[in-house]
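Peer 1: One structure is given below, represented as structure tokens, and several questions about it will come after.
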Amino acid sequence: MSAGLTPSQTVGPFLAIGLPWPDGPFVVPEDTPGAITITGVVRDGAGDPVTDALVETWQADPDGRFAHPDDPRGAASPGFRGFGRCPTGSDGSYRIVTLKPGALPSPDGGTEAPHLDVSVFARGLLDRVVTRIYFPDEEQANTADPVLASIADRGGVATLIARPSPDNARLRFDIHLQGDRETVFFDV
Amino acid sequence: MAVHPPAGSGLVVPGYERPSGAHPPLDFARYRSTALRAPRRPLVLLPHRLTEITGPLLGAERITPADADLTAQHEDEPQGQRIIVSGRVLDTGGRAVPDTLIEIWQPNAAGRYRHQVDDHPAPLDPNFTGVGRCLTDSQGRYRFVTIKPGSYPWRNHPNAWRPAHIHFSLFGRAFTQRLVTQMYFPGDPLFFQDPIFNSVPEAARDRMISRFDLELTVPERALGFRWDIVLRGRGAAVFEQPDGHR
């Protein structure tokens with residue numbers, strides 16, 4: 001038996017009544033040793049902040065394992081949620097507190113550099129848009145990453161690499177939905 | 001289809017199907033808010049690797065049974081027509097998706113959301129928040145008790161009104177299955193002029209419309225509407241040996 005996929009629809013302007021969780025931005029508690037904070041602003045094609053978006057992240061733990069039974073290497077020890085969710089504020093900003101994920105073996109034989117998968121939902125987006133956050137201190141791994149290597153528009157690769165701060169504990173990742181600095185988005 | 005581990009990693013990563021003809025395009029001019037928000041550059045194809053075939057398995061610790069009854073979250077009952085909304089979460093292969101978190105939100109019977117940005121001059125209902133959560137059971141079944149949401153005007157085009165709808169958010173069991181959608185009600189006279197509903201390819205629009213179900217209807221209490229939600233199913237492994245292993 002096969003069934004027709006349910007179509008996506010926009011989250012609309014009122015997602016804030018239903019989707020934010022008080023602990024959503026905290027993949028790990030803020031006082032966790034090694035915790036990093038990823039912040040950024042979601043902007044539209046006019047460069048204005050998008051104040052009614054929701055940013056979600058999904059990632060491996062620092063050992064590169066997922067707390068999920070479909071990880072063919074066996075599930076990681078539970079306890080690391082791996083998932084973050086933050087609505088944008090009146091300045092278009094979001095914040096995720098997490099641990100840096102480990103690198104991942106890729107089924108094609110290569111190695112994926114540490115990354116987070118990101119979904120952005122908003123009024124005006126009829127389906128989520130998906131991107132990835134990579135790390136600025138992983139130049140070598142990023143160069144070898146099969147997903148970054150698959151991006152034909154080489155100028156777009158930089159849109160997926162977070163900007164560092166001196167202490168490496170804070171990273172900046174802006175998301176440009178449209179425009180000259182448009183972020184690379186994936187067909188997942 | 002048999003899958004074989006490619007040389008090099010020994011990993012087999014079963015990907016998810018990429019069904020066509022269901023989702024709306026991001027760029028859809030009749031829905032004005034897409035104009036500055038829909039990406040203009042082509043999306044880059046992302047083959048499914050470990051991050052895409054796994055996903056957050058959340059829920060049990062986040063909800064109580066009371067979260068599924070939106071009519072019982074306050075001291076008194078909300079105004080409006082009580083309804084049951086129930087169905088199954090399946091994948092495109094027809095398999096149930098058990099133990100998955102569903103989140104819903106909606107306006108009240110007068111068509112107003114409990115949200116500071118909603119300036120529709122319809123009354124708020126002190127007994128209705130409009131937010132619900134539940135987990136599917138082992139058969140993929142879910143059930144909410146709520147009130148029928150009202151239609152409301154918006155400023156997309158002259159005299160624009162949204163058909164009555166309930167927002168649904170689903171995780172499935174993989175990042176790839178994540179879905180946010182809207183459930184509509186049968187026979188709504190507002191469908192024809194709604195760009196959000198009509199952004200979906202015509203053949204797939206009725207998948208968003210619940211159907212009235214007398215069996216689900218609770219005598220002398222609440223009307224029943226049935227709606228099954230279908231997420232992407234498992235496909236073949238994305239990576240296979242190019243030579244001789246098929």
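FYI, nothing fancy with the structure tokens labels: chains A, B, ... in order, residues from 1 per chain, ligands from 1 as they appear.
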Using only C-alpha atoms, I'd like a table of the residues in segment 18-56 of chain A that come within 12 Å of segment 115-131 of chain A; for each, show the closest atom pair and its distance in Å rounded to one decimal, ordered by chain and ascending number, as a Markdown table.

Peer 2:
```
| residue | atom | partner | partner_atom | distance |
| --- | --- | --- | --- | --- |
| A:Leu19 | CA | A:Phe121 | CA | 10.7 |
| A:Val27 | CA | A:Leu116 | CA | 11.8 |
| A:Ile38 | CA | A:Leu116 | CA | 10.6 |
| A:Val41 | CA | A:Val120 | CA | 11.6 |
| A:Val42 | CA | A:Val120 | CA | 8.9 |
| A:Arg43 | CA | A:Ala122 | CA | 11.2 |
| A:Asp44 | CA | A:Gly124 | CA | 10.1 |
| A:Gly45 | CA | A:Gly124 | CA | 11.8 |
| A:Pro49 | CA | A:Ala122 | CA | 11.9 |
| A:Val50 | CA | A:Ala122 | CA | 8.2 |
| A:Thr51 | CA | A:Ala122 | CA | 8.9 |
| A:Asp52 | CA | A:Ala122 | CA | 6.1 |
| A:Ala53 | CA | A:Ala122 | CA | 4.3 |
| A:Leu54 | CA | A:Phe121 | CA | 5.1 |
| A:Val55 | CA | A:Val120 | CA | 4.8 |
| A:Glu56 | CA | A:Ser119 | CA | 5.1 |
```

Peer 1: Can you tell me which residues surround Val218 of chain B at a distance of at most 12 Å, considering only C-alpha atoms, apart from same-chain residues fewer than 2 positions away, and format the answer as a list of chain:residue names?

Peer 2: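 Result of the neighbour search: B:Arg82, B:Ile83, B:Ile84, B:Val85, B:Val145, B:Asp213, B:Leu214, B:Glu215, B:Leu216, B:Glu220, B:Arg221, B:Ala222, B:Leu223, B:Gly224, B:Phe225.
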
Peer 1: Print the selection's residues with N, CA and C atoms to a file, as a PDB file, in the first residue's frame.

Peer 2:
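Saved to again_39.pdb:
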```
ATOM      1  N   ARG B  82     -17.579  21.934  19.578  1.00  0.00           N
ATOM      2  CA  ARG B  82     -16.600  20.911  19.971  1.00  0.00           C
ATOM      3  C   ARG B  82     -16.353  19.938  18.828  1.00  0.00           C
ATOM      4  N   ILE B  83     -15.106  19.608  18.573  1.00  0.00           N
ATOM      5  CA  ILE B  83     -14.785  18.611  17.549  1.00  0.00           C
ATOM      6  C   ILE B  83     -13.697  17.660  18.050  1.00  0.00           C
ATOM      7  N   ILE B  84     -13.712  16.470  17.454  1.00  0.00           N
ATOM      8  CA  ILE B  84     -12.622  15.508  17.624  1.00  0.00           C
ATOM      9  C   ILE B  84     -11.844  15.518  16.314  1.00  0.00           C
ATOM     10  N   VAL B  85     -10.549  15.626  16.378  1.00  0.00           N
ATOM     11  CA  VAL B  85      -9.706  15.488  15.181  1.00  0.00           C
ATOM     12  C   VAL B  85      -8.785  14.308  15.434  1.00  0.00           C
ATOM     13  N   VAL B 145      -9.049  16.725  21.025  1.00  0.00           N
ATOM     14  CA  VAL B 145     -10.358  17.342  21.252  1.00  0.00           C
ATOM     15  C   VAL B 145     -10.134  18.843  21.219  1.00  0.00           C
ATOM     16  N   ASP B 213     -16.614  12.318  10.042  1.00  0.00           N
ATOM     17  CA  ASP B 213     -16.695  10.885  10.330  1.00  0.00           C
ATOM     18  C   ASP B 213     -17.682  10.662  11.474  1.00  0.00           C
ATOM     19  N   LEU B 214     -18.824  10.046  11.128  1.00  0.00           N
ATOM     20  CA  LEU B 214     -19.861   9.830  12.136  1.00  0.00           C
ATOM     21  C   LEU B 214     -19.394   8.852  13.215  1.00  0.00           C
ATOM     22  N   GLU B 215     -18.532   7.904  12.816  1.00  0.00           N
ATOM     23  CA  GLU B 215     -18.032   6.942  13.808  1.00  0.00           C
ATOM     24  C   GLU B 215     -17.161   7.599  14.863  1.00  0.00           C
ATOM     25  N   LEU B 216     -16.481   8.625  14.433  1.00  0.00           N
ATOM     26  CA  LEU B 216     -15.603   9.354  15.354  1.00  0.00           C
ATOM     27  C   LEU B 216     -16.404  10.338  16.203  1.00  0.00           C
ATOM     28  N   GLU B 220     -24.022  13.431  21.282  1.00  0.00           N
ATOM     29  CA  GLU B 220     -24.405  14.525  22.184  1.00  0.00           C
ATOM     30  C   GLU B 220     -23.198  15.262  22.754  1.00  0.00           C
ATOM     31  N   ARG B 221     -22.071  15.184  22.014  1.00  0.00           N
ATOM     32  CA  ARG B 221     -20.886  15.837  22.565  1.00  0.00           C
ATOM     33  C   ARG B 221     -20.050  16.574  21.509  1.00  0.00           C
ATOM     34  N   ALA B 222     -19.577  15.878  20.490  1.00  0.00           N
ATOM     35  CA  ALA B 222     -18.590  16.497  19.588  1.00  0.00           C
ATOM     36  C   ALA B 222     -18.593  15.828  18.218  1.00  0.00           C
ATOM     37  N   LEU B 223     -18.456  16.651  17.166  1.00  0.00           N
ATOM     38  CA  LEU B 223     -18.347  16.141  15.794  1.00  0.00           C
ATOM     39  C   LEU B 223     -16.951  15.576  15.556  1.00  0.00           C
ATOM     40  N   GLY B 224     -16.899  14.525  14.740  1.00  0.00           N
ATOM     41  CA  GLY B 224     -15.615  13.895  14.466  1.00  0.00           C
ATOM     42  C   GLY B 224     -15.101  14.200  13.064  1.00  0.00           C
ATOM     43  N   PHE B 225     -13.821  14.581  12.983  1.00  0.00           N
ATOM     44  CA  PHE B 225     -13.173  14.787  11.687  1.00  0.00           C
ATOM     45  C   PHE B 225     -11.926  13.912  11.635  1.00  0.00           C
TER      46      PHE B 225
END
```

Peer 1: Atom CA of Gly15 of chain B to atom CA of Ala75 of chain A: how many Å, to one decimal?

Peer 2: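 Spanning atom CA of Gly15 of chain B to atom CA of Ala75 of chain A is a straight-line distance of 17.4 Å.
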
Peer 1: For the atom pair atom CA of Ile102 of chain B and atom CA of Cys134 of chain B, what is the interatomic distance in Å to one decimal place?

Peer 2: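 According to the coordinates, atom CA of Ile102 of chain B and atom CA of Cys134 of chain B are separated by 5.4 Å.
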
Peer 1: Show me, as an MDAnalysis selection string, the residues that have an atom within 12 Å of Ile133 of chain A when counting only C-alpha atoms, minus same-chain residues fewer than 3 positions from it.

Peer 2: chainID A and resid 38:40 55:59 96 100:101 113:119 130 136 138 142 147:148 157:163 171:175 183:185
